[in-house]
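Participant: Here it is, the structure, as structure tokens.
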Amino acid sequence: MKKHYFGALAGVIAVCLLGTGVFAQNAAPAAAPAAAPAEETAKLEDKLLPLMTMEQAFAAALQRRALLANFIVQERAKLEKATAEEKAELEKNIEAASKQFTELSTYMDVIFGLSGRREYEYNRVNSTIYLKVGTVAETFGRAIQARDVRAAKIRELQAALEKETDATKKEALQKELDGVFRQYALFVNALFRIYQIHPSRNYQYVAGNQTLYLKTNDEEINKLKAEIEKKKAESEAGK
């Protein structure tokens, strides 16, 4: 029962973070990186809640992109026979879905892209050469590392900016800081979109089973359990 309970809680967390509806989207706030006090983290987050495996995250991203692509095609097909009023609504839906498709594709490129890799694989059966991206676990690790490298650079530039007194040098430092922060924000949002990793929460990745866990506590788990029971009661009442 405990295994099923955690699985249900993970589902509720996914709903809370992603919102409702197939095309719901929530961008994670790309706040400046800051470390939480060690004592507070240990006190408040003494439980691990499984969120997803790396395979599940990749499959879900592919499915979301396919759903968006199909939705756009279907809505465009409806335009030919639509009235003026219907066309306005269809075009609105197409524009929103196209924006989400572009954003998701960008985030997938950030997480699952090549990242400068040039490693090839040859399939002798069909005489095809493949450019290897890496395993889903490797792509996850690269994305986390890339985010953390930029977070460290941001802190370094912020410290240098505070000490600098020369106006010209301060301007150059600020420009560099803005550029690094944009890169950091891109990785933060990509990690949130693909793995629901929020910059204000703490996680633990277990390589053995390639599973991502949310660090949490009894209070939050009890709240989520209450939410599950509430949704279950509402569902049964609606039957």
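As shown in the structure tokens, the chain order sets the letters A, B, ...; within each chain, residues go from 1, and ligands are also counted from 1 in the order they appear.
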Find the residues around range 130-142 of chain A up to 9 Å (only C-alpha atoms counted), leave out those fewer than 4 positions away in its own chain, and share them as a list in words.
Facilitator: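 Contacts, in chain order: Met54, Glu55, Ala57, Phe58, Ile111, Phe112, Gly113, Leu114, Ser115, Arg117, Arg118, Glu119, Tyr120, Glu121, Tyr122, Asn123, Ala146, Arg147, Leu191, Ala207 and Gln210 of chain A.
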Participant: What are the closest atom pairs, with distances in Å to one decimal, for all residues of range 83-163 of chain A lying within 8 Å of range 177-185 of chain A? Consider only C-alpha atoms, order rows by chain and residue number, and present the result as JSON lines.
Facilitator:
```
{"residue": "A:Arg147", "atom": "CA", "partner": "A:Tyr184", "partner_atom": "CA", "distance": 5.8}
{"residue": "A:Arg150", "atom": "CA", "partner": "A:Tyr184", "partner_atom": "CA", "distance": 5.6}
{"residue": "A:Ala151", "atom": "CA", "partner": "A:Tyr184", "partner_atom": "CA", "distance": 6.6}
{"residue": "A:Lys153", "atom": "CA", "partner": "A:Val180", "partner_atom": "CA", "distance": 7.4}
{"residue": "A:Ile154", "atom": "CA", "partner": "A:Leu177", "partner_atom": "CA", "distance": 6.2}
{"residue": "A:Leu157", "atom": "CA", "partner": "A:Leu177", "partner_atom": "CA", "distance": 6.1}
{"residue": "A:Gln158", "atom": "CA", "partner": "A:Leu177", "partner_atom": "CA", "distance": 7.4}
```
Participant: Those same residues, written as an mmCIF file, in the first residue's frame with N, CA and C atoms?
Facilitator:
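Produced file again_26.cif, reproduced below:
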```
data_model
loop_
_atom_site.group_PDB
_atom_site.id
_atom_site.type_symbol
_atom_site.label_atom_id
_atom_site.label_comp_id
_atom_site.auth_asym_id
_atom_site.auth_seq_id
_atom_site.Cartn_x
_atom_site.Cartn_y
_atom_site.Cartn_z
ATOM 1 N N ARG A 147 23.189 24.040 -15.427
ATOM 2 C CA ARG A 147 22.475 25.022 -14.599
ATOM 3 C C ARG A 147 23.341 25.478 -13.434
ATOM 4 N N ARG A 150 26.237 27.820 -14.284
ATOM 5 C CA ARG A 150 25.771 29.193 -14.504
ATOM 6 C C ARG A 150 25.352 29.870 -13.205
ATOM 7 N N ALA A 151 24.790 29.100 -12.283
ATOM 8 C CA ALA A 151 24.419 29.651 -10.980
ATOM 9 C C ALA A 151 25.661 30.129 -10.234
ATOM 10 N N LYS A 153 28.475 31.032 -11.628
ATOM 11 C CA LYS A 153 28.998 32.187 -12.352
ATOM 12 C C LYS A 153 28.216 33.450 -11.996
ATOM 13 N N ILE A 154 26.914 33.306 -11.824
ATOM 14 C CA ILE A 154 26.087 34.451 -11.441
ATOM 15 C C ILE A 154 26.531 34.993 -10.087
ATOM 16 N N LEU A 157 29.853 36.818 -10.500
ATOM 17 C CA LEU A 157 29.719 38.130 -11.145
ATOM 18 C C LEU A 157 29.028 39.135 -10.239
ATOM 19 N N GLN A 158 28.057 38.677 -9.449
ATOM 20 C CA GLN A 158 27.371 39.574 -8.519
ATOM 21 C C GLN A 158 28.340 40.099 -7.461
#
```
Participant: Write out as an MDAnalysis selection string each polymer residue whose atoms come within 12 Å of Thr53 in chain A, counting only C-alpha atoms; drop sequence neighbours fewer than 3 positions from it.
Facilitator: chainID A and resid 7 10 50 56:60 136:137 140 194:196 204:213
Participant: Pick out the closest residue to Phe101 in chain A from this set: A:Val188, A:Leu62, A:Ala69, A:Ile197. Count only C-alpha atoms.
Facilitator: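 Looking at the shortest contact to Phe101 in chain A, the residue is A:Ala69.
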Participant: When you look at Asn70 in chain A with a cut-off of 12 Å (counting only C-alpha atoms), what residues show up, excluding the ones that are within fewer than 5 positions of it in the same chain? I need them as a list in words.
Facilitator: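 Residues near the query, excluding close chain neighbours: Gln63, Arg64, Arg65, Glu75, Arg76, Ala77, Ile94, Ala97, Ser98 and Phe101 of chain A.
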Participant: Using only C-alpha atoms, pick whichever of A:Leu79, A:Ala84, A:Ala61, A:Leu90 has the shortest atom-to-atom distance to Tyr107 in chain A.
Facilitator: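 Among the listed residues, A:Ala61 lies closest to Tyr107 in chain A.
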Participant: When DSSP is applied to the backbone of this structure, which of range 51-201 of chain A are assigned helix (DSSP H, G or I)? Write them out as JSON, numbers by chain.
Facilitator: {"A": [54, 55, 56, 57, 58, 59, 60, 61, 62, 63, 64, 65, 66, 67, 68, 69, 70, 71, 72, 73, 74, 75, 76, 77, 78, 79, 80, 81, 84, 85, 86, 87, 88, 89, 90, 91, 92, 93, 94, 95, 96, 97, 98, 99, 100, 101, 102, 103, 104, 105, 106, 107, 108, 109, 110, 111, 112, 136, 137, 138, 139, 140, 141, 142, 143, 144, 145, 146, 147, 148, 149, 150, 151, 152, 153, 154, 155, 156, 157, 158, 159, 160, 161, 162, 163, 167, 168, 169, 170, 171, 172, 173, 174, 175, 176, 177, 178, 179, 180, 181, 182, 183, 184, 185, 186, 187, 188, 189, 190, 191, 192, 193, 194, 195]}
Participant: Suppose you want the space between CA of Asn222 in chain A and CA of Leu51 in chain A; what is it in Å?
Facilitator: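 One can read the CA of Asn222 in chain A to CA of Leu51 in chain A distance as 16.5 Å.
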Participant: What is the CA of Ile144 in chain A-CA of Leu186 in chain A distance in Å, reported with one decimal?
Facilitator: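 Value for the CA of Ile144 in chain A-CA of Leu186 in chain A distance: 11.9 Å.
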Participant: Can you list, as a PDB file with C-alpha atoms, in the first residue's frame, every protein, DNA or RNA residue that comes within 6 Å of Lys47 in chain A when you count only C-alpha atoms, leaving out same-chain residues fewer than 4 positions away?
Facilitator:
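Output file around06.pdb follows:
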```
ATOM      1  CA  LYS A 215      12.581  16.339  -0.611  1.00  0.00           C
ATOM      2  CA  THR A 216       9.551  16.980   1.558  1.00  0.00           C
ATOM      3  CA  ASN A 217       8.128  16.450   5.049  1.00  0.00           C
TER       4      ASN A 217
END
```
Participant: Please, which residues of range 81-195 of chain A, numbered as in this document, come out strand (DSSP E or B) from DSSP, as a list in words?
Facilitator: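 Answer for range 81-195 of chain A restricted to strand (DSSP E or B) is Glu119, Tyr120, Glu121, Tyr122, Asn123, Thr128, Ile129, Tyr130, Leu131 and Lys132 of chain A.
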Participant: Keeping only N, CA and C atoms, write those residues as a CSV table (one decimal), in the first residue's frame.
Facilitator:
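The result, stored in again_28.csv:
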```
chain,number,residue,atom,x,y,z
A,119,GLU,N,29.6,12.6,-30.9
A,119,GLU,CA,29.9,11.1,-30.8
A,119,GLU,C,29.0,10.4,-31.8
A,120,TYR,N,29.5,9.5,-32.6
A,120,TYR,CA,28.7,8.9,-33.6
A,120,TYR,C,28.6,7.4,-33.4
A,121,GLU,N,27.5,6.9,-34.0
A,121,GLU,CA,27.2,5.4,-33.9
A,121,GLU,C,26.8,4.9,-35.3
A,122,TYR,N,27.3,3.8,-35.7
A,122,TYR,CA,27.0,3.3,-37.0
A,122,TYR,C,26.2,2.0,-36.9
A,123,ASN,N,25.0,2.0,-37.6
A,123,ASN,CA,24.2,0.8,-37.7
A,123,ASN,C,24.4,0.1,-39.0
A,128,THR,N,23.3,3.3,-41.6
A,128,THR,CA,23.0,4.6,-41.1
A,128,THR,C,23.9,5.0,-40.0
A,129,ILE,N,24.4,6.3,-40.1
A,129,ILE,CA,25.2,6.9,-39.0
A,129,ILE,C,24.3,7.8,-38.1
A,130,TYR,N,24.4,7.6,-36.8
A,130,TYR,CA,23.6,8.3,-35.9
A,130,TYR,C,24.5,9.2,-35.0
A,131,LEU,N,24.1,10.4,-34.8
A,131,LEU,CA,24.8,11.3,-33.8
A,131,LEU,C,24.2,11.1,-32.5
A,132,LYS,N,25.0,10.6,-31.5
A,132,LYS,CA,24.5,10.2,-30.2
A,132,LYS,C,24.3,11.4,-29.3
```
Participant: Enter the distance from CA of Asp46 in chain A to CA of Lys232 in chain A, in Å, rounded to one decimal.
Facilitator: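 Rounded to one decimal, the two atoms are 27.3 Å apart.
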